[in-house]
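Enquirer: One file is attached below, coords.txt, containing compact mmCIF, C-alpha atoms.
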```
# COMPACT_ATOMS: atom_id res chain seq x y z
CA MET C 741 52.27 91.07 27.94
CA SER C 742 53.72 89.02 25.08
CA LYS C 743 52.28 89.49 21.62
CA VAL C 744 49.92 87.00 20.01
CA PHE C 745 51.12 84.74 17.21
CA VAL C 746 49.16 84.92 13.95
CA LEU C 747 48.78 82.41 11.12
CA ASP C 748 46.96 82.96 7.85
CA THR C 749 44.51 80.38 6.54
CA GLU C 750 47.40 78.50 4.87
CA LYS C 751 49.15 78.32 8.29
CA ARG C 752 51.89 80.72 7.19
CA PRO C 753 53.32 82.68 10.18
CA LEU C 754 52.71 86.44 10.11
CA ASP C 755 53.97 89.22 12.36
CA PRO C 756 52.83 88.78 15.99
CA ILE C 757 50.20 91.35 17.02
CA HIS C 758 49.10 93.12 20.18
CA PRO C 759 46.51 91.21 22.28
CA ALA C 760 43.97 94.00 21.71
CA GLN C 761 44.17 93.46 17.95
CA ALA C 762 43.76 89.73 18.47
CA ARG C 763 40.62 90.29 20.59
CA GLN C 764 39.21 92.54 17.87
CA LEU C 765 39.84 89.95 15.14
CA LEU C 766 38.27 87.21 17.25
CA GLY C 767 35.31 89.41 18.14
CA ASN C 768 34.69 90.25 14.48
CA LYS C 769 34.85 86.53 13.54
CA LYS C 770 37.82 87.20 11.25
CA ALA C 771 40.01 84.76 13.16
CA ALA C 772 39.77 81.75 15.42
CA VAL C 773 41.87 80.39 18.28
CA PHE C 774 44.44 77.99 16.85
CA ARG C 775 46.39 77.18 20.01
CA ARG C 776 46.21 78.22 23.67
CA PHE C 777 49.87 77.82 24.68
CA PRO C 778 51.52 79.82 23.26
CA PHE C 779 48.38 81.73 22.33
CA THR C 780 47.99 81.67 18.55
CA ILE C 781 45.15 82.72 16.28
CA ILE C 782 44.49 81.72 12.68
CA LEU C 783 42.96 84.14 10.17
CA LYS C 784 40.07 83.13 7.92
CA GLU C 785 41.82 84.53 4.85
CA SER C 786 45.09 84.00 3.00
CA ARG C 787 47.77 86.68 3.13
CA ALA C 788 50.47 85.31 0.88
CA ASP C 789 51.70 88.81 -0.06
CA ALA C 790 51.92 90.14 3.52
CA SER C 791 55.38 91.41 4.50
CA VAL C 792 56.79 90.04 7.75
CA SER C 793 59.61 91.17 10.04
CA ASP C 794 62.54 88.85 10.66
CA LEU C 795 62.65 87.52 14.21
CA ARG C 796 65.55 85.92 16.05
CA ILE C 797 65.01 83.19 18.64
CA LYS C 798 67.49 83.54 21.50
CA LEU C 799 68.27 80.78 24.00
CA ASP C 800 69.95 80.70 27.37
CA PRO C 801 70.35 76.94 28.05
CA GLY C 802 70.45 75.91 31.69
CA ALA C 803 70.57 72.68 33.68
CA LYS C 804 67.17 73.33 35.29
CA ILE C 805 65.60 76.18 33.28
CA THR C 806 66.24 77.42 29.75
CA GLY C 807 65.33 81.00 28.88
CA ILE C 808 63.68 81.67 25.52
CA ALA C 809 63.10 85.04 23.86
CA LEU C 810 61.93 86.14 20.41
CA VAL C 811 63.54 89.43 19.44
CA ASN C 812 63.01 91.71 16.45
CA ASP C 813 66.59 92.56 15.43
CA SER C 814 65.63 95.75 13.60
CA THR C 815 63.62 97.33 16.44
CA GLY C 816 64.96 95.48 19.48
CA GLU C 817 61.43 94.59 20.60
CA VAL C 818 60.98 91.36 22.56
CA VAL C 819 57.73 89.89 21.20
CA PHE C 820 57.65 86.65 23.21
CA ALA C 821 59.44 85.23 26.24
CA ALA C 822 59.33 81.94 28.11
CA ASP C 823 61.09 80.01 30.87
CA LEU C 824 61.33 76.30 30.03
CA LYS C 825 61.77 74.07 33.11
CA HIS C 826 63.47 70.74 32.39
CA ARG C 827 62.86 67.36 34.02
CA GLY C 828 66.42 66.00 33.74
CA PHE C 829 66.82 65.35 37.46
CA ALA C 830 63.43 63.56 37.62
CA ILE C 831 64.57 61.27 34.79
CA ARG C 832 67.82 60.57 36.63
CA ASP C 833 65.94 59.65 39.80
CA ALA C 834 63.56 57.37 37.85
CA LEU C 835 66.46 55.52 36.24
CA ILE C 836 68.17 55.10 39.62
CA SER C 837 64.93 53.70 41.08
CA ARG C 838 64.55 51.23 38.21
CA ARG C 839 68.14 50.07 38.58
CA GLN C 840 67.68 49.52 42.33
CA LEU C 841 64.48 47.51 41.83
CA ARG C 842 66.07 45.24 39.25
CA ARG C 843 69.12 44.68 41.40
CA SER C 844 67.04 43.83 44.48
CA ARG C 845 64.99 41.28 42.52
CA ARG C 846 68.16 39.56 41.33
CA ASN C 847 69.55 39.49 44.85
CA ARG C 848 66.34 37.86 46.12
CA LYS C 849 66.66 35.24 43.33
CA THR C 850 63.16 36.18 42.21
CA ARG C 851 62.23 34.90 38.76
CA TYR C 852 63.56 37.63 36.53
CA ARG C 853 65.74 37.97 33.46
CA LYS C 854 69.45 37.59 34.02
CA PRO C 855 71.66 40.68 33.84
CA ARG C 856 72.95 41.29 30.33
CA PHE C 857 76.28 42.92 29.64
CA LEU C 858 77.96 44.34 26.55
CA ASN C 859 74.83 43.86 24.46
CA ARG C 860 74.04 47.52 23.92
CA ILE C 861 76.64 49.44 21.94
CA ARG C 862 76.27 53.14 22.58
CA PRO C 863 76.43 55.21 19.39
CA GLU C 864 78.98 57.95 18.95
CA GLY C 865 77.94 61.13 20.73
CA TRP C 866 75.65 59.25 23.14
CA LEU C 867 74.39 61.26 26.12
CA ALA C 868 72.54 60.07 29.21
CA PRO C 869 68.71 60.29 28.97
CA SER C 870 68.61 62.96 31.68
CA LEU C 871 70.89 65.14 29.53
CA MET C 872 69.24 64.37 26.20
CA SER C 873 65.85 65.38 27.63
CA ARG C 874 67.17 68.95 27.95
CA VAL C 875 68.27 68.94 24.31
CA HIS C 876 64.94 67.50 23.17
CA ASN C 877 62.97 70.10 25.16
CA VAL C 878 64.82 72.98 23.49
CA GLU C 879 64.57 71.34 20.05
CA THR C 880 60.81 70.87 20.49
CA TRP C 881 60.22 74.51 21.33
CA VAL C 882 62.49 75.89 18.61
CA ASN C 883 60.60 73.84 16.01
CA ARG C 884 57.24 74.74 17.55
CA LEU C 885 57.90 78.48 17.58
CA ARG C 886 59.15 78.35 13.99
CA LYS C 887 55.66 77.24 12.98
CA PHE C 888 54.05 80.25 14.68
CA ALA C 889 56.53 83.08 14.00
CA PRO C 890 58.77 84.18 11.07
CA ILE C 891 62.06 83.14 12.70
CA THR C 892 65.14 83.63 10.50
CA ALA C 893 68.07 83.27 12.93
CA ILE C 894 69.07 81.64 16.22
CA SER C 895 71.33 82.87 19.02
CA THR C 896 72.40 80.56 21.82
CA GLU C 897 74.75 80.65 24.77
CA LEU C 898 77.25 77.96 23.83
CA VAL C 899 79.31 78.12 27.02
CA LYS C 900 78.41 79.46 30.43
CA PHE C 901 82.06 80.23 31.11
CA ASP C 902 85.01 80.38 28.73
CA MET C 903 87.28 77.99 30.67
CA GLN C 904 90.26 78.35 28.30
CA LEU C 905 90.09 82.13 28.55
CA MET C 906 90.10 81.96 32.33
CA ARG C 907 93.13 79.66 32.39
CA ASN C 908 95.03 81.56 29.70
CA PRO C 909 93.82 85.17 29.31
CA LYS C 910 95.92 85.67 26.15
CA ILE C 911 94.18 82.89 24.21
CA GLU C 912 92.10 85.42 22.26
CA GLY C 913 94.89 87.95 21.93
CA LYS C 914 95.80 91.18 23.69
CA GLU C 915 92.77 93.11 22.41
CA TYR C 916 90.27 90.68 23.98
CA GLN C 917 92.25 90.54 27.20
CA GLN C 918 92.17 94.31 27.62
CA GLY C 919 88.72 94.88 26.08
CA THR C 920 85.37 95.58 27.72
CA LEU C 921 84.84 91.88 28.51
CA ALA C 922 88.09 91.48 30.48
CA GLY C 923 87.33 89.62 33.73
CA TYR C 924 83.63 89.04 33.06
CA GLU C 925 84.00 85.30 32.41
CA THR C 926 86.06 84.72 35.58
CA ARG C 927 83.90 86.92 37.80
CA GLU C 928 80.61 85.33 36.70
CA PHE C 929 82.01 81.82 37.23
CA LEU C 930 83.24 82.67 40.73
CA LEU C 931 79.93 84.31 41.68
CA GLU C 932 78.06 81.10 40.88
CA LYS C 933 80.69 78.77 42.30
CA TRP C 934 80.94 80.55 45.66
CA ASN C 935 77.20 81.28 45.96
CA ARG C 936 77.71 85.06 45.66
CA GLN C 937 79.12 85.38 49.19
CA CYS C 938 82.46 85.91 50.91
CA ALA C 939 84.29 82.60 51.26
CA TYR C 940 85.85 83.64 54.59
CA CYS C 941 82.95 85.21 56.55
CA GLY C 942 79.89 84.28 54.45
CA ILE C 943 78.52 87.83 54.10
CA LYS C 944 76.21 88.47 51.13
CA ASP C 945 74.73 91.39 49.19
CA ILE C 946 77.88 93.53 49.27
CA PRO C 947 80.59 94.21 46.65
CA LEU C 948 82.93 91.20 46.50
CA GLN C 949 86.54 91.06 45.36
CA ILE C 950 88.42 88.30 43.55
CA GLU C 951 90.99 86.89 45.95
CA HIS C 952 93.89 84.42 45.56
CA ILE C 953 93.61 81.46 47.94
CA HIS C 954 97.36 80.86 47.72
CA PRO C 955 98.93 84.35 47.53
CA ARG C 956 100.68 85.45 44.33
CA SER C 957 103.64 86.64 46.40
CA LYS C 958 104.18 83.05 47.55
CA GLY C 959 103.93 81.38 44.17
CA GLY C 960 100.15 81.27 43.73
CA SER C 961 98.80 81.24 40.17
CA ASN C 962 95.90 82.97 38.40
CA SER C 963 94.27 79.59 37.75
CA ILE C 964 90.53 79.49 38.40
CA THR C 965 91.14 76.78 41.04
CA ASN C 966 93.20 79.31 43.05
CA LEU C 967 90.59 82.09 43.02
CA THR C 968 87.70 82.80 45.36
CA LEU C 969 85.49 85.70 46.43
CA SER C 970 86.12 87.85 49.47
CA CYS C 971 84.69 90.99 51.01
CA GLU C 972 87.09 93.94 51.29
CA LYS C 973 87.48 93.52 55.06
CA CYS C 974 88.55 89.85 54.83
CA ASN C 975 90.73 90.50 51.78
CA VAL C 976 92.69 93.22 53.60
CA LYS C 977 92.89 91.14 56.78
CA LYS C 978 94.22 88.09 54.94
CA GLY C 979 96.72 90.09 52.87
CA THR C 980 99.57 87.81 51.79
CA LYS C 981 99.01 85.20 54.50
CA ASP C 982 98.73 81.57 53.53
CA ILE C 983 95.10 80.42 53.89
CA LYS C 984 96.15 77.70 56.36
CA ASP C 985 97.60 80.36 58.63
CA PHE C 986 94.67 82.75 58.13
CA LEU C 987 92.05 80.12 59.02
CA LYS C 988 94.02 78.02 61.50
CA LYS C 989 91.38 78.77 64.16
CA ASP C 990 88.55 77.69 61.85
CA PRO C 991 89.61 74.30 60.37
CA THR C 992 86.05 73.47 59.24
CA ARG C 993 85.82 76.52 57.00
CA LEU C 994 89.38 75.94 55.77
CA GLN C 995 88.57 72.41 54.68
CA LYS C 996 85.32 73.57 53.04
CA ILE C 997 87.14 76.25 50.98
CA LEU C 998 89.90 73.86 49.85
CA VAL C 999 87.31 71.29 48.72
CA GLN C 1000 85.08 73.87 47.02
CA ALA C 1001 88.04 75.37 45.14
CA LYS C 1002 88.59 72.11 43.23
CA LYS C 1003 84.91 71.21 42.88
CA PRO C 1004 83.28 71.84 39.48
CA LEU C 1005 79.80 73.31 39.14
CA ALA C 1006 77.25 70.49 38.77
CA ASP C 1007 74.82 72.60 36.74
CA ALA C 1008 77.63 74.00 34.61
CA ALA C 1009 78.82 70.44 33.98
CA ALA C 1010 75.35 69.43 32.73
CA VAL C 1011 75.22 72.45 30.41
CA ASN C 1012 78.74 71.80 29.13
CA ALA C 1013 77.91 68.14 28.47
CA THR C 1014 74.98 69.06 26.23
CA ARG C 1015 76.22 72.26 24.58
CA TYR C 1016 77.67 70.75 21.39
CA LYS C 1017 74.78 68.34 20.95
CA LEU C 1018 72.37 71.26 21.25
CA LEU C 1019 74.44 73.27 18.78
CA GLU C 1020 74.32 70.36 16.34
CA VAL C 1021 70.53 70.18 16.69
CA LEU C 1022 70.14 73.93 16.15
CA LYS C 1023 72.34 73.87 13.05
CA SER C 1024 70.16 71.11 11.58
CA THR C 1025 67.36 73.71 11.27
CA ASP C 1026 69.39 75.31 8.43
CA LEU C 1027 69.07 78.71 10.12
CA PRO C 1028 72.17 80.83 10.88
CA VAL C 1029 73.26 80.13 14.46
CA GLU C 1030 75.11 82.71 16.55
CA CYS C 1031 76.99 81.58 19.67
CA GLY C 1032 77.84 83.60 22.77
CA SER C 1033 79.22 83.06 26.26
CA GLY C 1034 77.84 83.68 29.72
CA GLY C 1035 80.24 86.56 30.28
CA LEU C 1036 79.02 88.35 27.15
CA THR C 1037 75.39 87.78 28.19
CA LYS C 1038 76.01 89.38 31.58
CA PHE C 1039 77.89 92.25 29.94
CA ASN C 1040 74.93 92.99 27.62
CA ARG C 1041 72.40 92.69 30.45
CA THR C 1042 74.40 94.92 32.80
CA ASN C 1043 74.90 97.59 30.14
CA GLN C 1044 71.12 97.79 29.65
CA GLN C 1045 70.47 97.68 33.41
CA LEU C 1046 68.14 94.69 33.18
CA GLN C 1047 67.21 92.26 35.96
CA LYS C 1048 68.72 88.78 36.04
CA THR C 1049 66.03 86.38 34.85
CA HIS C 1050 66.24 83.43 32.50
CA TRP C 1051 64.31 85.02 29.64
CA LEU C 1052 66.16 88.34 29.95
CA ASP C 1053 69.45 86.44 29.87
CA ALA C 1054 68.22 84.79 26.66
CA ALA C 1055 67.33 88.17 25.14
CA CYS C 1056 70.89 89.38 25.89
CA VAL C 1057 72.73 86.42 24.32
CA GLY C 1058 75.27 87.13 21.57
CA GLN C 1059 76.89 90.07 19.82
CA SER C 1060 73.69 90.76 17.85
CA THR C 1061 71.88 92.07 20.97
CA PRO C 1062 70.25 95.46 20.20
CA ILE C 1063 68.80 97.95 22.68
CA LEU C 1064 65.92 95.87 23.98
CA ILE C 1065 62.29 96.96 24.36
CA ILE C 1066 60.71 94.77 27.05
CA LYS C 1067 57.77 96.88 28.22
CA GLY C 1068 54.88 94.75 29.43
CA ILE C 1069 56.47 91.38 28.60
CA LYS C 1070 55.25 88.57 30.85
CA PRO C 1071 57.04 85.26 30.24
CA LEU C 1072 55.18 82.01 29.68
CA LEU C 1073 56.27 79.46 32.31
CA ILE C 1074 56.64 76.04 30.68
CA THR C 1075 57.31 72.86 32.67
CA ALA C 1076 58.30 69.60 31.00
CA ASN C 1077 56.18 66.78 32.49
CA GLY C 1078 56.82 63.99 29.99
CA HIS C 1079 54.14 61.83 28.40
CA GLY C 1080 53.30 59.63 31.34
CA THR C 1081 54.50 56.14 32.22
CA ARG C 1082 54.16 52.64 30.81
CA GLN C 1083 53.73 51.08 34.25
CA MET C 1084 50.62 48.91 34.45
CA CYS C 1085 50.88 48.46 38.21
CA ARG C 1086 51.25 51.01 41.00
CA THR C 1087 52.92 50.25 44.33
CA ASP C 1088 52.69 51.56 47.85
CA LYS C 1089 55.61 53.19 49.67
CA PHE C 1090 57.01 49.74 50.55
CA GLY C 1091 57.09 48.56 46.93
CA PHE C 1092 54.11 46.19 47.10
CA PRO C 1093 51.51 46.39 44.28
CA ASN C 1094 48.26 47.93 45.44
CA ARG C 1095 46.44 49.08 42.28
CA TYR C 1096 46.46 48.69 38.54
CA VAL C 1097 46.34 51.19 35.69
CA PRO C 1098 43.61 50.74 33.06
CA LYS C 1099 44.74 50.07 29.50
CA LEU C 1100 42.47 52.77 28.10
CA LYS C 1101 44.16 56.15 28.19
CA PHE C 1102 41.17 58.14 26.93
CA ILE C 1103 38.12 58.44 29.20
CA LYS C 1104 35.08 60.25 27.79
CA GLY C 1105 37.35 61.98 25.24
CA PHE C 1106 39.87 63.20 27.83
CA GLN C 1107 43.27 61.91 28.89
CA THR C 1108 45.50 62.72 31.84
CA GLY C 1109 47.53 65.82 31.04
CA ASP C 1110 44.88 67.70 29.03
CA ILE C 1111 44.27 71.27 30.13
CA VAL C 1112 40.55 71.72 30.66
CA LYS C 1113 38.08 74.36 31.70
CA ALA C 1114 35.40 73.08 34.07
CA VAL C 1115 32.30 75.17 34.79
CA VAL C 1116 30.45 73.44 37.64
CA THR C 1117 26.86 74.64 37.93
CA ASN C 1118 25.57 72.50 40.79
CA GLY C 1119 26.72 70.55 43.82
CA LYS C 1120 29.29 71.45 46.46
CA LYS C 1121 31.99 72.51 43.98
CA ILE C 1122 30.17 75.27 42.09
CA GLY C 1123 32.67 77.46 40.26
CA GLU C 1124 35.04 77.71 37.32
CA TYR C 1125 38.29 75.76 37.27
CA ILE C 1126 41.11 75.72 34.71
CA GLY C 1127 44.01 73.31 34.98
CA ARG C 1128 45.58 69.97 34.19
CA VAL C 1129 43.18 67.03 34.42
CA ALA C 1130 43.73 63.52 35.80
CA VAL C 1131 41.11 61.19 34.35
CA ARG C 1132 39.32 58.33 36.12
CA SER C 1133 37.39 55.42 34.64
CA THR C 1134 34.31 56.51 36.58
CA GLY C 1135 34.19 59.83 34.73
CA SER C 1136 34.94 61.75 37.93
CA PHE C 1137 38.12 63.74 37.25
CA ASN C 1138 40.68 65.63 39.33
CA ILE C 1139 41.84 69.07 38.18
CA SER C 1140 45.11 70.69 39.29
CA ALA C 1141 43.94 74.30 39.26
CA GLN C 1142 45.73 77.44 40.43
CA ARG C 1143 43.89 77.32 43.77
CA GLY C 1144 44.96 73.69 44.34
CA LEU C 1145 43.74 70.18 43.57
CA ILE C 1146 40.00 69.95 42.91
CA GLN C 1147 38.71 66.39 43.16
CA GLY C 1148 35.55 64.74 41.89
CA ILE C 1149 34.64 66.94 38.91
CA ASN C 1150 32.26 65.18 36.50
CA TYR C 1151 33.45 64.98 32.91
CA LYS C 1152 30.21 66.63 31.71
CA PHE C 1153 31.37 69.93 33.20
CA CYS C 1154 34.77 69.78 31.44
CA LYS C 1155 35.81 71.28 28.13
CA SER C 1156 39.27 70.66 26.69
CA ILE C 1157 41.17 73.86 25.86
CA HIS C 1158 44.63 72.37 25.24
CA LYS C 1159 45.46 68.76 24.46
CA LYS C 1160 48.26 67.00 26.32
CA ASP C 1161 51.67 67.69 24.74
CA GLY C 1162 54.08 66.75 27.55
CA TYR C 1163 54.21 70.25 29.09
CA SER C 1164 52.25 72.29 31.61
CA TYR C 1165 51.87 76.06 31.45
CA SER C 1166 51.38 79.04 33.72
CA SER C 1167 51.96 82.77 33.53
```
Go ahead and render the structure in this file as structure tokens.
Expert:
Amino acid sequence: MSKVFVLDTEKRPLDPIHPAQARQLLGNKKAAVFRRFPFTIILKESRADASVSDLRIKLDPGAKITGIALVNDSTGEVVFAADLKHRGFAIRDALISRRQLRRSRRNRKTRYRKPRFLNRIRPEGWLAPSLMSRVHNVETWVNRLRKFAPITAISTELVKFDMQLMRNPKIEGKEYQQGTLAGYETREFLLEKWNRQCAYCGIKDIPLQIEHIHPRSKGGSNSITNLTLSCEKCNVKKGTKDIKDFLKKDPTRLQKILVQAKKPLADAAAVNATRYKLLEVLKSTDLPVECGSGGLTKFNRTNQQLQKTHWLDAACVGQSTPILIIKGIKPLLITANGHGTRQMCRTDKFGFPNRYVPKLKFIKGFQTGDIVKAVVTNGKKIGEYIGRVAVRSTGSFNISAQRGLIQGINYKFCKSIHKKDGYSYSS
């Protein structure tokens, strides 16, 4: 499992320690729990002269999930890993819903403010809220981990695919074209674009070959829009035939391939839209920032024969990647939930108001989103429950535990173990 973060009494970050050492310090009353997620302890003494190892935080930004890893550059040990799930698509859907409601009220001539135009000047570098939420999530966790660990450098995957390199292989010179990374950018892009299956027969989980949709012998180019994936059988069968002749008996698949060839990756587009903003945010930390590409990440991961996961991808980002030690690492699963809503009225599925939200957010010292531990000693729900709480004015709370939603837990049985911070956690 991941190591435990340690702070001295002055809240200076020290080297992370093994969980067994942390249990011993807590058992001997030499330390106390400072934070549950990520688990951090604080010593009851100052250690200003303690030497610490330099750690590097490595990021693999994604449209839905960003991988995070803390790596010791000198030993290659991964001391902490996490998968951060974004809520960008939920924000997009909420904004669409709000826009539809406002438009419908105007169409009904209901008393409502008139539409206003050209009264909000977007600043330079503006990004949509659904995109900026991804940047803010990563920024929050970089700053948070810097408080708990001696981080001295950052590595991030700036681009998923080097588009210029794929269009013009000589852009980096002959050495890069013929080096160990030759073809990695193009192959990884095609694997994601074509869903890791043969474009002609749909077979999966076999070795796939890069194939020209319009044959080279008939004027086809090496452009990424003219490349697809094919199994060996279909590649040989197609040969130098034009795709329209090869698939003349299957016009549906032909049309699908021609459309997909020109279609960009939606997730890759979201990552590309935020990459420079994220880089700007990371540079503002005044730490040295190393950038890598998706092809290089896959090359490092493949060389070390590691599985494809978000946090392992993060650990393999950049040229600085050493031989990694990942024994026993279990990533922390982080989900961005936001900080609630300002709505004072709830509606049914038809849009009619059916209940109101109380103004008071804190009930009996708890608020919705806190992670609590409930030990119920009597009644029909005897047991121990840990999870995210939803408060009620009556003092009867709901807890989203691992075994499901537990309703009607009295606040007297609850003890807060982690205050609401906009994220939920699991392992």
Enquirer: So, counting all atoms listed in the file, which residue among C:Gly816, C:Pro759, C:Pro1093, C:Pro890 is closest to C:Thr1061?
Expert: C:Gly816
Enquirer: Can you pull out every residue within 10 Å of stretch 959-973 of chain C, counting all atoms listed in the file, but drop anything in the same chain fewer than 6 positions away, and send it as a ChimeraX atom specification?
Expert: /C:903,906-909,926-927,929-931,933-944,946-953,982,997-998,1000-1004
Enquirer: Between atom CA of C:Gly1119 and atom CA of C:Phe1106, what is the distance, to one decimal in Å?
Expert: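 Those two atoms sit 22.0 Å apart.
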Enquirer: Taking (47.8, 87.2, 2.7) in the file's coordinates as the center, which residues reach within 9 Å of it, counting all atoms listed in the file, put as a ChimeraX atom specification?
Expert: /C:748-750,752,754,785-791
Enquirer: For a quick check of understanding, using only C-alpha atoms, which of C:Phe1102, C:Trp881, C:Phe1153, C:Phe1090 has the smallest distance to C:Thr1117?
Expert: C:Phe1153
Enquirer: Measure the distance from atom CA of C:Asp800 to atom CA of C:Pro869 in Å and round it to one decimal.
Expert: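 The value is 20.5 Å.
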Enquirer: Please extract stretch 970-1027 of chain C and write it out with C-alpha atoms, as a PDB file, in the first residue's frame.
Expert:
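And here is the file that came out, out07.pdb:
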```pdb
ATOM      1  CA  SER C 970      -6.200  -3.649 -39.593  1.00  0.00           C
ATOM      2  CA  CYS C 971      -5.594  -7.273 -38.719  1.00  0.00           C
ATOM      3  CA  GLU C 972      -3.068  -9.104 -40.905  1.00  0.00           C
ATOM      4  CA  LYS C 973      -5.777 -11.088 -42.722  1.00  0.00           C
ATOM      5  CA  CYS C 974      -7.740  -7.981 -43.780  1.00  0.00           C
ATOM      6  CA  ASN C 975      -4.561  -6.048 -44.611  1.00  0.00           C
ATOM      7  CA  VAL C 976      -3.372  -8.774 -46.987  1.00  0.00           C
ATOM      8  CA  LYS C 977      -6.848  -9.198 -48.474  1.00  0.00           C
ATOM      9  CA  LYS C 978      -7.231  -5.471 -49.140  1.00  0.00           C
ATOM     10  CA  GLY C 979      -3.723  -5.094 -50.581  1.00  0.00           C
ATOM     11  CA  THR C 980      -3.624  -2.079 -52.905  1.00  0.00           C
ATOM     12  CA  LYS C 981      -7.371  -1.980 -53.536  1.00  0.00           C
ATOM     13  CA  ASP C 982      -9.237   1.267 -53.069  1.00  0.00           C
ATOM     14  CA  ILE C 983     -11.363   1.086 -49.904  1.00  0.00           C
ATOM     15  CA  LYS C 984     -14.536   1.779 -51.932  1.00  0.00           C
ATOM     16  CA  ASP C 985     -13.841  -1.307 -54.014  1.00  0.00           C
ATOM     17  CA  PHE C 986     -12.812  -3.413 -51.014  1.00  0.00           C
ATOM     18  CA  LEU C 987     -15.991  -2.610 -49.053  1.00  0.00           C
ATOM     19  CA  LYS C 988     -18.452  -2.172 -51.906  1.00  0.00           C
ATOM     20  CA  LYS C 989     -20.569  -5.005 -50.444  1.00  0.00           C
ATOM     21  CA  ASP C 990     -20.611  -3.371 -47.001  1.00  0.00           C
ATOM     22  CA  PRO C 991     -21.539   0.317 -47.570  1.00  0.00           C
ATOM     23  CA  THR C 992     -22.441   0.854 -43.889  1.00  0.00           C
ATOM     24  CA  ARG C 993     -18.954  -0.052 -42.682  1.00  0.00           C
ATOM     25  CA  LEU C 994     -17.407   1.950 -45.534  1.00  0.00           C
ATOM     26  CA  GLN C 995     -19.284   5.081 -44.529  1.00  0.00           C
ATOM     27  CA  LYS C 996     -18.404   4.530 -40.856  1.00  0.00           C
ATOM     28  CA  ILE C 997     -14.660   4.247 -41.631  1.00  0.00           C
ATOM     29  CA  LEU C 998     -14.637   7.345 -43.861  1.00  0.00           C
ATOM     30  CA  VAL C 999     -16.391   9.391 -41.155  1.00  0.00           C
ATOM     31  CA  GLN C1000     -14.206   8.056 -38.333  1.00  0.00           C
ATOM     32  CA  ALA C1001     -11.015   8.787 -40.286  1.00  0.00           C
ATOM     33  CA  LYS C1002     -11.735  12.536 -40.214  1.00  0.00           C
ATOM     34  CA  LYS C1003     -13.239  12.598 -36.723  1.00  0.00           C
ATOM     35  CA  PRO C1004     -11.027  13.921 -33.901  1.00  0.00           C
ATOM     36  CA  LEU C1005     -10.893  12.268 -30.492  1.00  0.00           C
ATOM     37  CA  ALA C1006     -13.319  14.021 -28.114  1.00  0.00           C
ATOM     38  CA  ASP C1007     -11.292  13.191 -25.003  1.00  0.00           C
ATOM     39  CA  ALA C1008      -8.041  14.126 -26.727  1.00  0.00           C
ATOM     40  CA  ALA C1009      -9.629  17.435 -27.752  1.00  0.00           C
ATOM     41  CA  ALA C1010     -10.528  18.195 -24.113  1.00  0.00           C
ATOM     42  CA  VAL C1011      -6.980  17.391 -22.982  1.00  0.00           C
ATOM     43  CA  ASN C1012      -5.453  19.466 -25.778  1.00  0.00           C
ATOM     44  CA  ALA C1013      -7.713  22.424 -24.927  1.00  0.00           C
ATOM     45  CA  THR C1014      -6.497  22.494 -21.322  1.00  0.00           C
ATOM     46  CA  ARG C1015      -2.857  21.433 -21.695  1.00  0.00           C
ATOM     47  CA  TYR C1016      -1.256  24.890 -21.901  1.00  0.00           C
ATOM     48  CA  LYS C1017      -3.468  26.313 -19.164  1.00  0.00           C
ATOM     49  CA  LEU C1018      -2.469  23.420 -16.921  1.00  0.00           C
ATOM     50  CA  LEU C1019       1.187  23.946 -17.813  1.00  0.00           C
ATOM     51  CA  GLU C1020       0.858  27.619 -16.897  1.00  0.00           C
ATOM     52  CA  VAL C1021      -0.676  26.688 -13.545  1.00  0.00           C
ATOM     53  CA  LEU C1022       2.077  24.162 -12.804  1.00  0.00           C
ATOM     54  CA  LYS C1023       4.806  26.651 -13.663  1.00  0.00           C
ATOM     55  CA  SER C1024       3.283  29.143 -11.221  1.00  0.00           C
ATOM     56  CA  THR C1025       4.359  26.785  -8.399  1.00  0.00           C
ATOM     57  CA  ASP C1026       7.986  27.841  -9.121  1.00  0.00           C
ATOM     58  CA  LEU C1027       9.010  24.178  -9.309  1.00  0.00           C
TER      59      LEU C1027
END
```
